[in-house]
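Report on the following structure.
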Amino acid sequence: MLRFLFKKHLTRKARVAAVHDVVDGLNSLDYEAVFRVMTPDAVLVDGNGLKLEGVDAIIDGDRAFREQADRPQILIDTLDHSGDEVLVRGHINSSMPEIDGPVMWRVYFDGLRIARVEITRPPDRMTGPLFAAQRQARRAS
């Protein structure tokens, strides 16, 4: 029985490490780190249903966002575990008011890799999928 509890503890620890690795990778523009901890078909979705699908699209969207937004930083405040999910509460530190402020991520895993991230932000704050949608609309016009 103790071995079962130990294995579960290691899984929780590995998931915490994956969340920190992806946040650290995004903040430092180390997209190889992001690529290693997310599944190839990972999805990033916000409260409006806007999505970035695939780790390549997530990385491309984040790179463009950070280049144009003076490299805002994600800061983790707490991580709460619920089954195979992790709820991340934090904030984005930015000089731009539409980016600065609270953020929550519900992170879903496929094994120990991140497969889906659902973003919750106040309605007047930017999300990665919203930025990508606005960027695509600008390209189309």
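Every chain in the structure tokens takes a letter, A first, then B, and so on in the order presented; its residues are numbered from 1, and the ligands are numbered from 1 following the presented order.
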
For the structure I just gave you, how does DSSP split chain A - specifically, which residues are strand (DSSP E or B)? Reply as a PyMOL selection string. chain A and resi 38-46+51-53+73-82+85-93+101-110+113-120

Out of A:Val45, A:Val107, A:Val55, A:Met38, which residue has the shortest atom-to-atom distance to His81 in chain A when counting only C-alpha atoms? A:Val107

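Distance check against Val16 in chain A using only C-alpha atoms: of A:Ile114, A:Ala42, A:Ile74, A:Ile59, the minimum falls on A:Ile114.
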
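Every protein or nucleic acid residue with an atom no more than 7 Å from range 96-98 of chain A, counting only C-alpha atoms and leaving out same-chain residues fewer than 3 positions away, appears here: A:Asp124, A:Arg125, A:Met126.
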
May I have the residues within 10 Å of Ile58 in chain A as a compact mmCIF listing (two decimals) with N, CA and C atoms, in the first residue's frame, using only C-alpha atoms and disregarding those fewer than 4 positions away in the same chain?
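What landed in part_33.txt:
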```
# COMPACT_ATOMS: atom_id res chain seq x y z
N TYR A 31 11.36 27.56 -25.86
CA TYR A 31 10.25 26.80 -26.42
C TYR A 31 10.55 25.31 -26.56
N VAL A 34 9.00 23.89 -23.52
CA VAL A 34 7.54 23.80 -23.70
C VAL A 34 7.21 22.59 -24.55
N PHE A 35 7.95 22.41 -25.63
CA PHE A 35 7.72 21.29 -26.53
C PHE A 35 7.87 19.95 -25.82
N MET A 38 4.61 19.31 -23.37
CA MET A 38 3.25 19.32 -23.91
C MET A 38 3.12 18.24 -24.98
N ASP A 41 -0.44 17.34 -29.80
CA ASP A 41 -1.78 17.83 -30.13
C ASP A 41 -2.41 18.63 -28.99
N ALA A 42 -1.59 19.19 -28.13
CA ALA A 42 -2.09 19.97 -26.98
C ALA A 42 -3.02 21.09 -27.46
N VAL A 43 -3.95 21.45 -26.57
CA VAL A 43 -4.93 22.51 -26.87
C VAL A 43 -4.87 23.55 -25.76
N LEU A 44 -4.89 24.81 -26.17
CA LEU A 44 -4.98 25.94 -25.26
C LEU A 44 -6.29 26.64 -25.60
N LYS A 51 -9.33 28.86 -29.46
CA LYS A 51 -8.36 27.79 -29.24
C LYS A 51 -7.09 28.00 -30.04
N LEU A 52 -6.03 27.48 -29.47
CA LEU A 52 -4.80 27.21 -30.20
C LEU A 52 -4.63 25.70 -30.13
N GLU A 53 -4.54 25.05 -31.27
CA GLU A 53 -4.49 23.60 -31.30
C GLU A 53 -3.15 23.13 -31.84
N GLY A 54 -2.48 22.31 -31.05
CA GLY A 54 -1.17 21.79 -31.41
C GLY A 54 -0.07 22.59 -30.74
N ASP A 62 2.47 32.14 -28.68
CA ASP A 62 3.12 32.73 -27.52
C ASP A 62 4.31 33.58 -27.93
N ARG A 63 5.09 33.10 -28.88
CA ARG A 63 6.26 33.86 -29.34
C ARG A 63 5.81 35.23 -29.89
N GLY A 128 -3.90 34.08 -24.77
CA GLY A 128 -3.16 33.63 -25.95
C GLY A 128 -4.05 33.35 -27.14
N PRO A 129 -5.14 32.57 -26.96
CA PRO A 129 -6.02 32.32 -28.09
C PRO A 129 -6.69 33.59 -28.64
N ALA A 132 -4.11 35.38 -30.74
CA ALA A 132 -3.93 34.68 -32.02
C ALA A 132 -5.09 34.95 -32.96
```

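Going from CA of His91 in chain A over to CA of Ala33 in chain A, you cover 20.8 Å.
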
Quick one: residues within 8 Å of Ile119 in chain A, only C-alpha atoms, excluding same-chain residues fewer than 4 positions away - as an MDAnalysis selection string? chainID A and resid 44:47 103:106 127

Any chance you can output those residues with N, CA and C atoms as a PDB file, in the first residue's frame?
```
ATOM      1  N   LEU A  44      -4.886  24.810 -26.174  1.00  0.00           N
ATOM      2  CA  LEU A  44      -4.976  25.945 -25.260  1.00  0.00           C
ATOM      3  C   LEU A  44      -6.288  26.636 -25.602  1.00  0.00           C
ATOM      4  N   VAL A  45      -7.213  26.706 -24.644  1.00  0.00           N
ATOM      5  CA  VAL A  45      -8.540  27.260 -24.910  1.00  0.00           C
ATOM      6  C   VAL A  45      -8.892  28.258 -23.821  1.00  0.00           C
ATOM      7  N   ASP A  46      -9.535  29.364 -24.232  1.00  0.00           N
ATOM      8  CA  ASP A  46      -9.935  30.353 -23.233  1.00  0.00           C
ATOM      9  C   ASP A  46     -11.435  30.294 -22.978  1.00  0.00           C
ATOM     10  N   GLY A  47     -11.915  31.139 -22.090  1.00  0.00           N
ATOM     11  CA  GLY A  47     -13.314  31.140 -21.686  1.00  0.00           C
ATOM     12  C   GLY A  47     -14.281  31.504 -22.796  1.00  0.00           C
ATOM     13  N   VAL A 103      -4.904  35.227 -13.537  1.00  0.00           N
ATOM     14  CA  VAL A 103      -5.130  34.174 -14.530  1.00  0.00           C
ATOM     15  C   VAL A 103      -5.279  32.851 -13.783  1.00  0.00           C
ATOM     16  N   MET A 104      -6.129  31.995 -14.299  1.00  0.00           N
ATOM     17  CA  MET A 104      -6.238  30.618 -13.799  1.00  0.00           C
ATOM     18  C   MET A 104      -6.130  29.696 -14.999  1.00  0.00           C
ATOM     19  N   TRP A 105      -5.428  28.606 -14.792  1.00  0.00           N
ATOM     20  CA  TRP A 105      -5.322  27.559 -15.799  1.00  0.00           C
ATOM     21  C   TRP A 105      -5.804  26.265 -15.184  1.00  0.00           C
ATOM     22  N   ARG A 106      -6.666  25.559 -15.877  1.00  0.00           N
ATOM     23  CA  ARG A 106      -6.966  24.179 -15.515  1.00  0.00           C
ATOM     24  C   ARG A 106      -6.165  23.344 -16.507  1.00  0.00           C
ATOM     25  N   THR A 127      -5.891  36.872 -23.665  1.00  0.00           N
ATOM     26  CA  THR A 127      -5.459  35.475 -23.560  1.00  0.00           C
ATOM     27  C   THR A 127      -4.668  35.142 -24.823  1.00  0.00           C
TER      28      THR A 127
END
```

What is the CA of Phe65 in chain A to CA of Asp77 in chain A distance in Å? 22.2 Å

Using only C-alpha atoms, which protein or nucleic acid residues come within 12 Å of Arg15 in chain A? Drop anything in the same chain fewer than 3 positions from it, and give the result as a ChimeraX atom specification. /A:8-12,18-22,37-38,79-88,107-115

For those residues, write C-alpha atoms to a file as a PDB file, in the first residue's frame.
```pdb
ATOM      1  CA  LYS A   8       0.919   8.760  -6.620  1.00  0.00           C
ATOM      2  CA  HIS A   9       3.181  11.282  -4.870  1.00  0.00           C
ATOM      3  CA  LEU A  10       5.751  10.984  -7.667  1.00  0.00           C
ATOM      4  CA  THR A  11       3.038  11.528 -10.281  1.00  0.00           C
ATOM      5  CA  ARG A  12       1.826  14.654  -8.480  1.00  0.00           C
ATOM      6  CA  ALA A  18       5.579  19.924 -15.873  1.00  0.00           C
ATOM      7  CA  VAL A  19       3.498  23.008 -15.010  1.00  0.00           C
ATOM      8  CA  HIS A  20       6.573  24.843 -13.758  1.00  0.00           C
ATOM      9  CA  ASP A  21       8.579  23.735 -16.805  1.00  0.00           C
ATOM     10  CA  VAL A  22       5.992  25.077 -19.245  1.00  0.00           C
ATOM     11  CA  VAL A  37       6.264  18.865 -21.623  1.00  0.00           C
ATOM     12  CA  MET A  38       3.249  19.319 -23.910  1.00  0.00           C
ATOM     13  CA  LEU A  79      -1.375  24.749  -7.592  1.00  0.00           C
ATOM     14  CA  ASP A  80      -4.327  22.599  -6.524  1.00  0.00           C
ATOM     15  CA  HIS A  81      -4.678  18.964  -7.537  1.00  0.00           C
ATOM     16  CA  SER A  82      -7.944  17.285  -8.427  1.00  0.00           C
ATOM     17  CA  GLY A  83      -7.588  13.789  -9.821  1.00  0.00           C
ATOM     18  CA  ASP A  84      -5.503  14.034 -12.973  1.00  0.00           C
ATOM     19  CA  GLU A  85      -5.900  17.813 -13.256  1.00  0.00           C
ATOM     20  CA  VAL A  86      -4.032  20.729 -11.775  1.00  0.00           C
ATOM     21  CA  LEU A  87      -5.652  24.112 -11.144  1.00  0.00           C
ATOM     22  CA  VAL A  88      -3.042  26.851 -11.407  1.00  0.00           C
ATOM     23  CA  VAL A 107      -4.277  21.821 -16.791  1.00  0.00           C
ATOM     24  CA  TYR A 108      -5.134  18.343 -18.092  1.00  0.00           C
ATOM     25  CA  PHE A 109      -2.555  15.640 -18.676  1.00  0.00           C
ATOM     26  CA  ASP A 110      -1.984  12.707 -20.964  1.00  0.00           C
ATOM     27  CA  GLY A 111       0.341  10.689 -18.785  1.00  0.00           C
ATOM     28  CA  LEU A 112       2.825  13.205 -17.461  1.00  0.00           C
ATOM     29  CA  ARG A 113       2.594  15.586 -20.443  1.00  0.00           C
ATOM     30  CA  ILE A 114       0.233  18.534 -20.668  1.00  0.00           C
ATOM     31  CA  ALA A 115      -2.563  17.864 -23.158  1.00  0.00           C
TER      32      ALA A 115
END
```

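With distances restricted to only C-alpha atoms, A:Val117 is the closest residue to Gly49 in chain A from A:Ala64, A:Val117, A:Ala14, A:Ala140.
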
Pairwise distance, CA of Ile76 in chain A with CA of Gly90 in chain A, equals 4.4 Å
